[in-house]
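With PDB, C-alpha atoms and all ligand atoms inside, this is query.pdb:
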ATOM      1  CA  MET A   1      -5.660  26.862  -4.915  1.00  0.00           C
ATOM      2  CA  ARG A   2      -6.493  23.472  -3.523  1.00  0.00           C
ATOM      3  CA  ASN A   3      -7.189  23.437   0.146  1.00  0.00           C
ATOM      4  CA  VAL A   4      -4.473  21.249   1.615  1.00  0.00           C
ATOM      5  CA  LEU A   5      -5.005  19.881   5.073  1.00  0.00           C
ATOM      6  CA  LEU A   6      -2.102  18.284   6.817  1.00  0.00           C
ATOM      7  CA  ILE A   7      -3.098  15.657   9.301  1.00  0.00           C
ATOM      8  CA  GLY A   8      -1.447  15.902  12.667  1.00  0.00           C
ATOM      9  CA  ILE A   9      -3.989  14.293  14.911  1.00  0.00           C
ATOM     10  CA  ALA A  10      -2.703  11.457  17.020  1.00  0.00           C
ATOM     11  CA  ILE A  11      -5.603   9.262  17.982  1.00  0.00           C
ATOM     12  CA  PHE A  12      -3.467   6.795  19.892  1.00  0.00           C
ATOM     13  CA  ALA A  13       0.176   7.090  20.864  1.00  0.00           C
ATOM     14  CA  PHE A  14       2.252   4.232  22.211  1.00  0.00           C
ATOM     15  CA  THR A  15       5.601   4.948  23.802  1.00  0.00           C
ATOM     16  CA  GLY A  16       6.477   1.593  25.285  1.00  0.00           C
ATOM     17  CA  CYS A  17       6.085  -2.068  24.372  1.00  0.00           C
ATOM     18  CA  SER A  18       7.228  -5.209  26.115  1.00  0.00           C
ATOM     19  CA  SER A  19       9.437  -7.200  23.700  1.00  0.00           C
ATOM     20  CA  PRO A  20      12.982  -6.043  22.803  1.00  0.00           C
ATOM     21  CA  LYS A  21      11.957  -5.923  19.124  1.00  0.00           C
ATOM     22  CA  ASN A  22       9.005  -3.669  19.886  1.00  0.00           C
ATOM     23  CA  GLU A  23      11.129  -1.512  22.171  1.00  0.00           C
ATOM     24  CA  LYS A  24      13.495  -0.907  19.265  1.00  0.00           C
ATOM     25  CA  ALA A  25      10.593  -0.157  16.909  1.00  0.00           C
ATOM     26  CA  SER A  26       9.063   2.303  19.368  1.00  0.00           C
ATOM     27  CA  GLN A  27      12.398   4.076  19.823  1.00  0.00           C
ATOM     28  CA  GLU A  28      12.766   4.407  16.055  1.00  0.00           C
ATOM     29  CA  SER A  29       9.254   5.674  15.444  1.00  0.00           C
ATOM     30  CA  LYS A  30       8.993   7.498  18.810  1.00  0.00           C
ATOM     31  CA  VAL A  31       5.257   8.200  18.612  1.00  0.00           C
ATOM     32  CA  LEU A  32       2.926   6.097  16.497  1.00  0.00           C
ATOM     33  CA  GLU A  33       0.124   8.203  15.076  1.00  0.00           C
ATOM     34  CA  TYR A  34      -3.130   6.678  13.962  1.00  0.00           C
ATOM     35  CA  VAL A  35      -4.819   8.880  11.388  1.00  0.00           C
ATOM     36  CA  ASP A  36      -8.397   8.527  10.138  1.00  0.00           C
ATOM     37  CA  PHE A  37      -8.173   8.058   6.375  1.00  0.00           C
ATOM     38  CA  ASN A  38     -11.813   9.013   6.014  1.00  0.00           C
ATOM     39  CA  GLY A  39     -11.742  11.640   3.281  1.00  0.00           C
ATOM     40  CA  ALA A  40     -11.838  14.639   5.648  1.00  0.00           C
ATOM     41  CA  ALA A  41      -8.493  15.890   4.313  1.00  0.00           C
ATOM     42  CA  GLU A  42      -7.843  16.440   0.613  1.00  0.00           C
ATOM     43  CA  GLU A  43      -4.171  15.712   1.100  1.00  0.00           C
ATOM     44  CA  ILE A  44      -2.313  13.829   3.829  1.00  0.00           C
ATOM     45  CA  ALA A  45       1.417  14.454   4.185  1.00  0.00           C
ATOM     46  CA  LEU A  46       3.198  11.232   5.116  1.00  0.00           C
ATOM     47  CA  PRO A  47       6.089  11.256   7.601  1.00  0.00           C
ATOM     48  CA  THR A  48       9.599  10.637   6.250  1.00  0.00           C
ATOM     49  CA  PRO A  49       9.909   6.891   5.662  1.00  0.00           C
ATOM     50  CA  ASP A  50      12.380   4.794   7.638  1.00  0.00           C
ATOM     51  CA  LYS A  51      15.178   3.891   5.230  1.00  0.00           C
ATOM     52  CA  GLU A  52      17.232   1.731   7.572  1.00  0.00           C
ATOM     53  CA  GLY A  53      16.575  -1.206   9.820  1.00  0.00           C
ATOM     54  CA  GLY A  54      13.795  -3.719   9.452  1.00  0.00           C
ATOM     55  CA  MET A  55      14.117  -7.504   9.349  1.00  0.00           C
ATOM     56  CA  ALA A  56      17.151  -9.075   7.689  1.00  0.00           C
ATOM     57  CA  LEU A  57      16.387  -9.629   4.001  1.00  0.00           C
ATOM     58  CA  LEU A  58      16.971 -13.378   4.010  1.00  0.00           C
ATOM     59  CA  GLU A  59      14.702 -13.825   7.028  1.00  0.00           C
ATOM     60  CA  ALA A  60      11.972 -11.791   5.317  1.00  0.00           C
ATOM     61  CA  VAL A  61      12.254 -13.872   2.146  1.00  0.00           C
ATOM     62  CA  ASN A  62      12.074 -17.047   4.212  1.00  0.00           C
ATOM     63  CA  LYS A  63       8.901 -15.841   5.945  1.00  0.00           C
ATOM     64  CA  ARG A  64       7.114 -14.384   2.898  1.00  0.00           C
ATOM     65  CA  LYS A  65       3.650 -15.832   2.331  1.00  0.00           C
ATOM     66  CA  SER A  66       0.143 -14.772   1.380  1.00  0.00           C
ATOM     67  CA  THR A  67      -2.193 -13.872   4.216  1.00  0.00           C
ATOM     68  CA  LYS A  68      -5.922 -14.357   3.703  1.00  0.00           C
ATOM     69  CA  GLU A  69      -7.214 -13.713   7.229  1.00  0.00           C
ATOM     70  CA  PHE A  70      -6.856 -10.286   8.815  1.00  0.00           C
ATOM     71  CA  LYS A  71      -7.695  -8.514  12.054  1.00  0.00           C
ATOM     72  CA  THR A  72      -9.490  -5.169  11.728  1.00  0.00           C
ATOM     73  CA  GLU A  73      -6.665  -3.373  13.567  1.00  0.00           C
ATOM     74  CA  LYS A  74      -5.435  -0.004  12.303  1.00  0.00           C
ATOM     75  CA  LEU A  75      -1.926   0.660  11.008  1.00  0.00           C
ATOM     76  CA  ASP A  76      -0.023   3.728  12.205  1.00  0.00           C
ATOM     77  CA  ILE A  77       0.897   6.410   9.669  1.00  0.00           C
ATOM     78  CA  GLN A  78       4.657   5.708   9.912  1.00  0.00           C
ATOM     79  CA  THR A  79       4.050   2.119   8.840  1.00  0.00           C
ATOM     80  CA  ILE A  80       1.877   3.290   5.936  1.00  0.00           C
ATOM     81  CA  SER A  81       4.581   5.774   4.956  1.00  0.00           C
ATOM     82  CA  ASN A  82       7.246   3.042   5.009  1.00  0.00           C
ATOM     83  CA  LEU A  83       5.034   0.627   3.084  1.00  0.00           C
ATOM     84  CA  LEU A  84       4.263   3.050   0.234  1.00  0.00           C
ATOM     85  CA  TRP A  85       7.854   4.233  -0.029  1.00  0.00           C
ATOM     86  CA  VAL A  86       9.139   0.662  -0.193  1.00  0.00           C
ATOM     87  CA  ALA A  87       6.454  -0.170  -2.756  1.00  0.00           C
ATOM     88  CA  ASN A  88       7.023   2.632  -5.269  1.00  0.00           C
ATOM     89  CA  GLY A  89       8.709   5.635  -3.649  1.00  0.00           C
ATOM     90  CA  PHE A  90      11.740   7.567  -4.850  1.00  0.00           C
ATOM     91  CA  ASN A  91      15.088   6.350  -3.503  1.00  0.00           C
ATOM     92  CA  ARG A  92      17.059   8.696  -5.775  1.00  0.00           C
ATOM     93  CA  GLU A  93      16.256  12.145  -7.117  1.00  0.00           C
ATOM     94  CA  ASP A  94      14.433  10.780 -10.160  1.00  0.00           C
ATOM     95  CA  LYS A  95      14.308   6.995  -9.735  1.00  0.00           C
ATOM     96  CA  ARG A  96      12.416   4.609  -7.524  1.00  0.00           C
ATOM     97  CA  THR A  97      12.690   1.635  -5.169  1.00  0.00           C
ATOM     98  CA  VAL A  98      11.473  -0.591  -8.035  1.00  0.00           C
ATOM     99  CA  PRO A  99      12.794  -0.931 -11.589  1.00  0.00           C
ATOM    100  CA  THR A 100      10.656  -0.301 -14.711  1.00  0.00           C
ATOM    101  CA  ALA A 101      11.349  -1.344 -18.291  1.00  0.00           C
ATOM    102  CA  GLN A 102      13.132   1.499 -20.112  1.00  0.00           C
ATOM    103  CA  ASN A 103      12.746   3.541 -16.892  1.00  0.00           C
ATOM    104  CA  LYS A 104       9.235   4.516 -18.001  1.00  0.00           C
ATOM    105  CA  GLN A 105       7.949   4.718 -14.392  1.00  0.00           C
ATOM    106  CA  GLU A 106       4.456   4.022 -15.705  1.00  0.00           C
ATOM    107  CA  LEU A 107       3.100   2.611 -12.435  1.00  0.00           C
ATOM    108  CA  GLU A 108       1.412   4.576  -9.669  1.00  0.00           C
ATOM    109  CA  LEU A 109      -0.374   3.472  -6.514  1.00  0.00           C
ATOM    110  CA  TYR A 110      -3.876   4.109  -5.225  1.00  0.00           C
ATOM    111  CA  VAL A 111      -4.687   3.274  -1.611  1.00  0.00           C
ATOM    112  CA  VAL A 112      -8.157   2.164  -0.585  1.00  0.00           C
ATOM    113  CA  PHE A 113      -9.293   2.493   3.037  1.00  0.00           C
ATOM    114  CA  LYS A 114     -12.735   1.784   4.500  1.00  0.00           C
ATOM    115  CA  ASP A 115     -14.157   5.261   3.967  1.00  0.00           C
ATOM    116  CA  ALA A 116     -11.990   6.804   1.252  1.00  0.00           C
ATOM    117  CA  ALA A 117      -9.434   6.183  -1.487  1.00  0.00           C
ATOM    118  CA  TYR A 118      -6.268   8.174  -2.196  1.00  0.00           C
ATOM    119  CA  PHE A 119      -3.627   8.555  -4.912  1.00  0.00           C
ATOM    120  CA  TYR A 120      -0.086   8.063  -3.591  1.00  0.00           C
ATOM    121  CA  ASP A 121       1.907  11.048  -4.864  1.00  0.00           C
ATOM    122  CA  ALA A 122       5.348   9.437  -4.715  1.00  0.00           C
ATOM    123  CA  LYS A 123       7.277  12.616  -5.440  1.00  0.00           C
ATOM    124  CA  GLU A 124       5.548  14.538  -2.628  1.00  0.00           C
ATOM    125  CA  HIS A 125       5.246  11.400  -0.483  1.00  0.00           C
ATOM    126  CA  SER A 126       1.647  12.279   0.289  1.00  0.00           C
ATOM    127  CA  LEU A 127      -1.843  10.867  -0.188  1.00  0.00           C
ATOM    128  CA  VAL A 128      -4.297  12.802  -2.359  1.00  0.00           C
ATOM    129  CA  LEU A 129      -8.025  12.151  -1.979  1.00  0.00           C
ATOM    130  CA  VAL A 130      -9.761  10.623  -5.016  1.00  0.00           C
ATOM    131  CA  ALA A 131     -12.917   9.024  -3.557  1.00  0.00           C
ATOM    132  CA  LYS A 132     -14.836   9.805  -0.413  1.00  0.00           C
ATOM    133  CA  ASN A 133     -16.817   6.611  -0.036  1.00  0.00           C
ATOM    134  CA  ASP A 134     -16.336   2.894   0.604  1.00  0.00           C
ATOM    135  CA  ILE A 135     -15.303   1.405  -2.738  1.00  0.00           C
ATOM    136  CA  ARG A 136     -14.166  -1.904  -1.235  1.00  0.00           C
ATOM    137  CA  PRO A 137     -17.208  -3.825  -2.554  1.00  0.00           C
ATOM    138  CA  ASP A 138     -15.652  -3.349  -6.012  1.00  0.00           C
ATOM    139  CA  LEU A 139     -12.422  -4.913  -4.713  1.00  0.00           C
ATOM    140  CA  ILE A 140     -14.136  -8.182  -3.913  1.00  0.00           C
ATOM    141  CA  LEU A 141     -14.952 -11.053  -6.272  1.00  0.00           C
ATOM    142  CA  TYR A 142     -15.537 -14.733  -5.405  1.00  0.00           C
ATOM    143  CA  ASN A 143     -16.564 -13.867  -1.844  1.00  0.00           C
ATOM    144  CA  GLN A 144     -13.010 -12.864  -0.798  1.00  0.00           C
ATOM    145  CA  THR A 145     -14.458 -10.872   2.087  1.00  0.00           C
ATOM    146  CA  TYR A 146     -11.226 -10.988   4.112  1.00  0.00           C
ATOM    147  CA  VAL A 147     -10.429  -7.850   2.111  1.00  0.00           C
ATOM    148  CA  ASN A 148     -12.884  -5.939   4.337  1.00  0.00           C
ATOM    149  CA  ASP A 149     -10.921  -6.816   7.483  1.00  0.00           C
ATOM    150  CA  ALA A 150      -7.525  -5.613   6.234  1.00  0.00           C
ATOM    151  CA  PHE A 151      -6.717  -1.975   6.994  1.00  0.00           C
ATOM    152  CA  LEU A 152      -5.754  -1.045   3.459  1.00  0.00           C
ATOM    153  CA  ASN A 153      -5.621  -2.130  -0.148  1.00  0.00           C
ATOM    154  CA  ILE A 154      -3.019  -0.916  -2.626  1.00  0.00           C
ATOM    155  CA  LEU A 155      -3.931  -0.838  -6.305  1.00  0.00           C
ATOM    156  CA  ILE A 156      -1.112  -0.798  -8.849  1.00  0.00           C
ATOM    157  CA  VAL A 157      -2.239   1.312 -11.799  1.00  0.00           C
ATOM    158  CA  ALA A 158      -0.399   1.468 -15.130  1.00  0.00           C
ATOM    159  CA  ASP A 159      -0.358   4.304 -17.622  1.00  0.00           C
ATOM    160  CA  LEU A 160      -0.357   2.202 -20.779  1.00  0.00           C
ATOM    161  CA  GLU A 161       0.534   5.163 -23.010  1.00  0.00           C
ATOM    162  CA  LEU A 162       3.687   5.663 -20.985  1.00  0.00           C
ATOM    163  CA  ALA A 163       4.628   1.991 -20.512  1.00  0.00           C
ATOM    164  CA  ALA A 164       7.180   0.274 -22.769  1.00  0.00           C
ATOM    165  CA  SER A 165       4.351  -2.230 -23.386  1.00  0.00           C
ATOM    166  CA  ARG A 166       1.469  -3.776 -21.437  1.00  0.00           C
ATOM    167  CA  ASP A 167       3.612  -6.874 -20.837  1.00  0.00           C
ATOM    168  CA  ALA A 168       6.383  -4.663 -19.452  1.00  0.00           C
ATOM    169  CA  ALA A 169       3.902  -2.937 -17.119  1.00  0.00           C
ATOM    170  CA  LEU A 170       2.706  -6.314 -15.827  1.00  0.00           C
ATOM    171  CA  MET A 171       6.291  -7.391 -15.155  1.00  0.00           C
ATOM    172  CA  ASP A 172       7.092  -4.081 -13.481  1.00  0.00           C
ATOM    173  CA  ALA A 173       4.046  -4.487 -11.220  1.00  0.00           C
ATOM    174  CA  GLY A 174       5.554  -7.725  -9.893  1.00  0.00           C
ATOM    175  CA  PHE A 175       8.470  -5.830  -8.369  1.00  0.00           C
ATOM    176  CA  ILE A 176       6.089  -3.575  -6.466  1.00  0.00           C
ATOM    177  CA  GLY A 177       4.110  -6.579  -5.309  1.00  0.00           C
ATOM    178  CA  GLN A 178       7.172  -8.369  -3.956  1.00  0.00           C
ATOM    179  CA  ASN A 179       8.428  -5.232  -2.196  1.00  0.00           C
ATOM    180  CA  ILE A 180       5.047  -4.986  -0.474  1.00  0.00           C
ATOM    181  CA  TYR A 181       5.181  -8.653   0.551  1.00  0.00           C
ATOM    182  CA  LEU A 182       8.702  -8.300   1.984  1.00  0.00           C
ATOM    183  CA  TYR A 183       8.068  -5.039   3.856  1.00  0.00           C
ATOM    184  CA  SER A 184       4.892  -6.581   5.284  1.00  0.00           C
ATOM    185  CA  VAL A 185       6.838  -9.539   6.662  1.00  0.00           C
ATOM    186  CA  SER A 186       9.410  -7.172   8.106  1.00  0.00           C
ATOM    187  CA  ALA A 187       6.715  -5.095   9.847  1.00  0.00           C
ATOM    188  CA  ASP A 188       4.771  -8.116  11.195  1.00  0.00           C
ATOM    189  CA  LEU A 189       1.962  -7.487   8.710  1.00  0.00           C
ATOM    190  CA  GLY A 190       0.138  -9.804   6.356  1.00  0.00           C
ATOM    191  CA  ALA A 191      -0.230  -9.211   2.606  1.00  0.00           C
ATOM    192  CA  VAL A 192      -1.749 -10.917  -0.401  1.00  0.00           C
ATOM    193  CA  ALA A 193      -1.572 -10.126  -4.117  1.00  0.00           C
ATOM    194  CA  ARG A 194      -4.991 -10.246  -5.770  1.00  0.00           C
ATOM    195  CA  VAL A 195      -6.503  -9.972  -9.232  1.00  0.00           C
ATOM    196  CA  SER A 196     -10.056 -10.829  -8.158  1.00  0.00           C
ATOM    197  CA  PHE A 197     -11.558  -7.349  -8.382  1.00  0.00           C
ATOM    198  CA  ASN A 198     -14.066  -5.486 -10.556  1.00  0.00           C
ATOM    199  CA  ALA A 199     -11.647  -3.499 -12.713  1.00  0.00           C
ATOM    200  CA  ASP A 200     -14.293  -1.508 -14.608  1.00  0.00           C
ATOM    201  CA  ALA A 201     -16.095  -0.366 -11.468  1.00  0.00           C
ATOM    202  CA  LEU A 202     -12.831   0.536  -9.708  1.00  0.00           C
ATOM    203  CA  LYS A 203     -11.655   2.488 -12.731  1.00  0.00           C
ATOM    204  CA  GLU A 204     -14.768   4.619 -12.388  1.00  0.00           C
ATOM    205  CA  ASP A 205     -14.462   4.873  -8.584  1.00  0.00           C
ATOM    206  CA  LEU A 206     -10.894   6.171  -8.872  1.00  0.00           C
ATOM    207  CA  LYS A 207     -11.718   8.437 -11.830  1.00  0.00           C
ATOM    208  CA  LEU A 208      -9.001   6.853 -13.943  1.00  0.00           C
ATOM    209  CA  LYS A 209      -8.402   7.829 -17.561  1.00  0.00           C
ATOM    210  CA  GLU A 210      -8.921   5.595 -20.599  1.00  0.00           C
ATOM    211  CA  ASN A 211      -5.191   4.839 -20.865  1.00  0.00           C
ATOM    212  CA  GLN A 212      -4.938   3.684 -17.233  1.00  0.00           C
ATOM    213  CA  GLU A 213      -5.357   0.044 -16.163  1.00  0.00           C
ATOM    214  CA  ILE A 214      -5.442  -1.499 -12.692  1.00  0.00           C
ATOM    215  CA  LEU A 215      -3.007  -4.411 -12.802  1.00  0.00           C
ATOM    216  CA  LEU A 216      -2.841  -5.776  -9.279  1.00  0.00           C
ATOM    217  CA  ASN A 217      -4.257  -5.316  -5.795  1.00  0.00           C
ATOM    218  CA  LEU A 218      -2.221  -5.877  -2.630  1.00  0.00           C
ATOM    219  CA  THR A 219      -4.346  -6.328   0.488  1.00  0.00           C
ATOM    220  CA  VAL A 220      -2.343  -5.420   3.617  1.00  0.00           C
ATOM    221  CA  GLY A 221      -3.196  -5.539   7.311  1.00  0.00           C
ATOM    222  CA  VAL A 222      -2.606  -7.174  10.649  1.00  0.00           C
ATOM    223  CA  PRO A 223      -2.678 -10.951  10.135  1.00  0.00           C
ATOM    224  CA  ASN A 224      -5.108 -13.040  12.112  1.00  0.00           C
ATOM    225  CA  ASN A 225      -2.739 -15.751  13.293  1.00  0.00           C
TER
HETATM  226  C1  LIG A 301      -0.619 -12.365  -9.800  1.00  0.00           C
HETATM  227  C2  LIG A 301      -1.273 -12.978  -8.580  1.00  0.00           C
HETATM  228  C3  LIG A 301      -2.638 -12.917  -8.444  1.00  0.00           C
HETATM  229  C4  LIG A 301      -3.263 -13.439  -7.304  1.00  0.00           C
HETATM  230  N1  LIG A 301      -4.612 -13.289  -7.162  1.00  0.00           N
HETATM  231  C5  LIG A 301      -5.208 -13.720  -6.036  1.00  0.00           C
HETATM  232  C6  LIG A 301      -6.588 -13.480  -5.837  1.00  0.00           C
HETATM  233  O1  LIG A 301      -7.254 -12.889  -6.662  1.00  0.00           O
HETATM  234  N2  LIG A 301      -7.139 -13.897  -4.683  1.00  0.00           N
HETATM  235  C7  LIG A 301      -6.403 -14.538  -3.720  1.00  0.00           C
HETATM  236  O2  LIG A 301      -6.979 -14.896  -2.676  1.00  0.00           O
HETATM  237  N3  LIG A 301      -5.088 -14.772  -3.872  1.00  0.00           N
HETATM  238  C8  LIG A 301      -4.467 -14.375  -5.003  1.00  0.00           C
HETATM  239  N4  LIG A 301      -3.113 -14.557  -5.164  1.00  0.00           N
HETATM  240  C9  LIG A 301      -2.320 -15.196  -4.094  1.00  0.00           C
HETATM  241  C10 LIG A 301      -2.019 -16.660  -4.411  1.00  0.00           C
HETATM  242  O3  LIG A 301      -3.172 -17.441  -4.123  1.00  0.00           O
HETATM  243  C11 LIG A 301      -0.830 -17.118  -3.568  1.00  0.00           C
HETATM  244  O4  LIG A 301       0.318 -16.354  -3.877  1.00  0.00           O
HETATM  245  C12 LIG A 301      -0.537 -18.598  -3.803  1.00  0.00           C
HETATM  246  O5  LIG A 301      -1.553 -19.388  -3.263  1.00  0.00           O
HETATM  247  C13 LIG A 301       0.796 -19.032  -3.190  1.00  0.00           C
HETATM  248  O6  LIG A 301       0.783 -18.777  -1.783  1.00  0.00           O
HETATM  249  P1  LIG A 301       1.950 -17.933  -1.115  1.00  0.00           P
HETATM  250  O7  LIG A 301       1.891 -16.536  -1.670  1.00  0.00           O
HETATM  251  O8  LIG A 301       1.655 -17.987   0.353  1.00  0.00           O
HETATM  252  O9  LIG A 301       3.244 -18.582  -1.478  1.00  0.00           O
HETATM  253  C14 LIG A 301      -2.482 -14.062  -6.298  1.00  0.00           C
HETATM  254  C15 LIG A 301      -1.092 -14.128  -6.452  1.00  0.00           C
HETATM  255  C16 LIG A 301      -0.488 -13.581  -7.567  1.00  0.00           C
HETATM  256  C17 LIG A 301       1.022 -13.628  -7.683  1.00  0.00           C
END

Would you encode the structure as structure tokens?
Amino acid sequence: MRNVLLIGIAIFAFTGCSSPKNEKASQESKVLEYVDFNGAAEEIALPTPDKEGGMALLEAVNKRKSTKEFKTEKLDIQTISNLLWVANGFNREDKRTVPTAQNKQELELYVVFKDAAYFYDAKEHSLVLVAKNDIRPDLILYNQTYVNDAFLNILIVADLELAASRDAALMDAGFIGQNIYLYSVSADLGAVARVSFNADALKEDLKLKENQEILLNLTVGVPNN
């Protein structure tokens, strides 16, 4: 049986912040845990995502934009949990936060950190290790090195045998992308959708099957502005 390690190490914990908004956030999340996503654990259980609160939708839409300059700051595990759930988690027993053509649910997420990459198991709401090295060089084309500063990169991967069609999978990926943009605004993060990556190399890095295709990358982190 696979050795499952559950991460419970808090590297930093903040219990108080100055602004009213941050006070509310700290009350909701209580303790913010910063986990090292470095490949030491084969599986990382994510905390239950927050399913209420956040910025008002219209305000988030008004503030949505692409961020292409990031600080190298870490994100706490609650924020990562929220982000992945918003992006492609289950909000009903068998259906997700995003629609898919014919309810094929052909899209899954892979999350790339500096030292390791993980599969997001949406049903278990956990991260499963798939690569134990820095694969970010394969995420970068045209000198878009800001990718290295952002804390994480989400890859949207389609199972083209399962999808209604490749066109449908591409459309479905857009819903995930927009959810990531809007959650990022709501959480004071920056995000950018990207297609400038080395798809063949990443496919190998992530040990994807022939029928799987990486459709879109969302780079997410603390904005530098
Ligand atoms: C499908 C798609 C692919 C994109 N690919 C890249 C990319 O490879 N590199 C990049 O820096 N920005 C990329 N972008 C971001 C666009 O440059 C950005 O959305 C556009 O300039 C409009 O800016 P805004 O998002 O702030 O409105 C992409 C956006 C989309 C929707």

Report as a list in words the residues that result from applying the PyMOL selection byres (((chain A and resi 61) around 10) and not hetatm) to the structure here. Met55, Ala56, Leu57, Leu58, Glu59, Ala60, Asn62, Lys63, Arg64, Lys65, Gln178, Tyr181, Leu182, Tyr183, Val185 and Ser186 of chain A

Taking the file as I've supplied it (selection: the PyMOL selection byres (((chain A and resi 81-94) around 10) and not hetatm)), which residues are included? Please answer as a PyMOL selection string. chain A and resi 45-51+76-80+95-99+105+107-111+120-127+154+156+173+175-184+187+220

Å distance separating CA of Ala101 (chain A) from CA of Arg194 (chain A), one decimal place: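 Interatomic distance here is 22.4 Å.
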
Can you spell out as a PyMOL selection string the set of residues that the PyMOL selection byres (((chain A and resi 168) around 12) and not hetatm) selects in the structure I just provided? chain A and resi 99-107+158-167+169-175+215

CA of Val112 (chain A) and CA of Glu52 (chain A) are how many Å apart?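 It comes out at 26.7 Å.
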
Where does chain A meet ligand LIG 301 (chain A) within 6 Å, residue by residue, with the nearest atom pair and distance in Å to one decimal for each, counting all atoms listed in the file, listed by chain and rising number, as CSV?
residue,atom,partner,partner_atom,distance
A:Lys65,CA,A:LIG301,O8,3.5
A:Ser66,CA,A:LIG301,O8,3.7
A:Val192,CA,A:LIG301,C9,5.7
A:Ala193,CA,A:LIG301,C14,4.6
A:Arg194,CA,A:LIG301,N1,3.4
A:Val195,CA,A:LIG301,O1,4.0
A:Ser196,CA,A:LIG301,O1,3.8

d(CA of Ala131 (chain A), CA of Asn38 (chain A)) in Å: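 Atom-to-atom, CA of Ala131 (chain A) to CA of Asn38 (chain A), that is 9.6 Å.
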
From the set A:Leu155, A:Tyr118, A:Phe197, A:Lys71, which residue has the shortest atom-to-atom contact distance to Asn143 (chain A), counting only C-alpha atoms?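 Of A:Leu155, A:Tyr118, A:Phe197, A:Lys71, the one nearest Asn143 (chain A), counting only C-alpha atoms, is A:Phe197.
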
So which residues touch Ala199 (chain A) within 7 Å, counting all atoms listed in the file, skipping near sequence neighbours fewer than 3 positions away, as a ChimeraX atom specification? /A:202-203,214

Here is a test: counting only C-alpha atoms, which residue of A:Thr219, A:Phe113, A:Ala150, A:Ile140 is nearest to Gly39 (chain A)?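 Once distances to Gly39 (chain A) are computed over only C-alpha atoms, the minimum belongs to A:Phe113.
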
Taking only C-alpha atoms into account, name the residue in A:Val157, A:Leu208, A:Leu189, A:Ala40 that is nearest to Glu73 (chain A). A:Leu189

Can you tell me, as a PyMOL selection string, what residues are no more than 12 Å from Glu204 (chain A) when counting all atoms listed in the file, ignoring any on the same chain fewer than 3 positions away? chain A and resi 130-131+135+138+198-201+207-210+212-214

From A:Lys114, A:Phe119, A:Ile44, A:Asn211, residue lying nearest Val147 (chain A) [only C-alpha atoms]: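 For Val147 (chain A), the nearest of the candidates is A:Lys114.
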
Draw an axis-aligned box over all listed atoms of region 204-215 of chain A, pad each side with 4 Å, and write its centre and edge lengths in Å, one decimal, as AutoDock Vina command-line options.
--center_x -8.9 --center_y 2.0 --center_z -14.7 --size_x 19.8 --size_y 20.8 --size_z 20.3
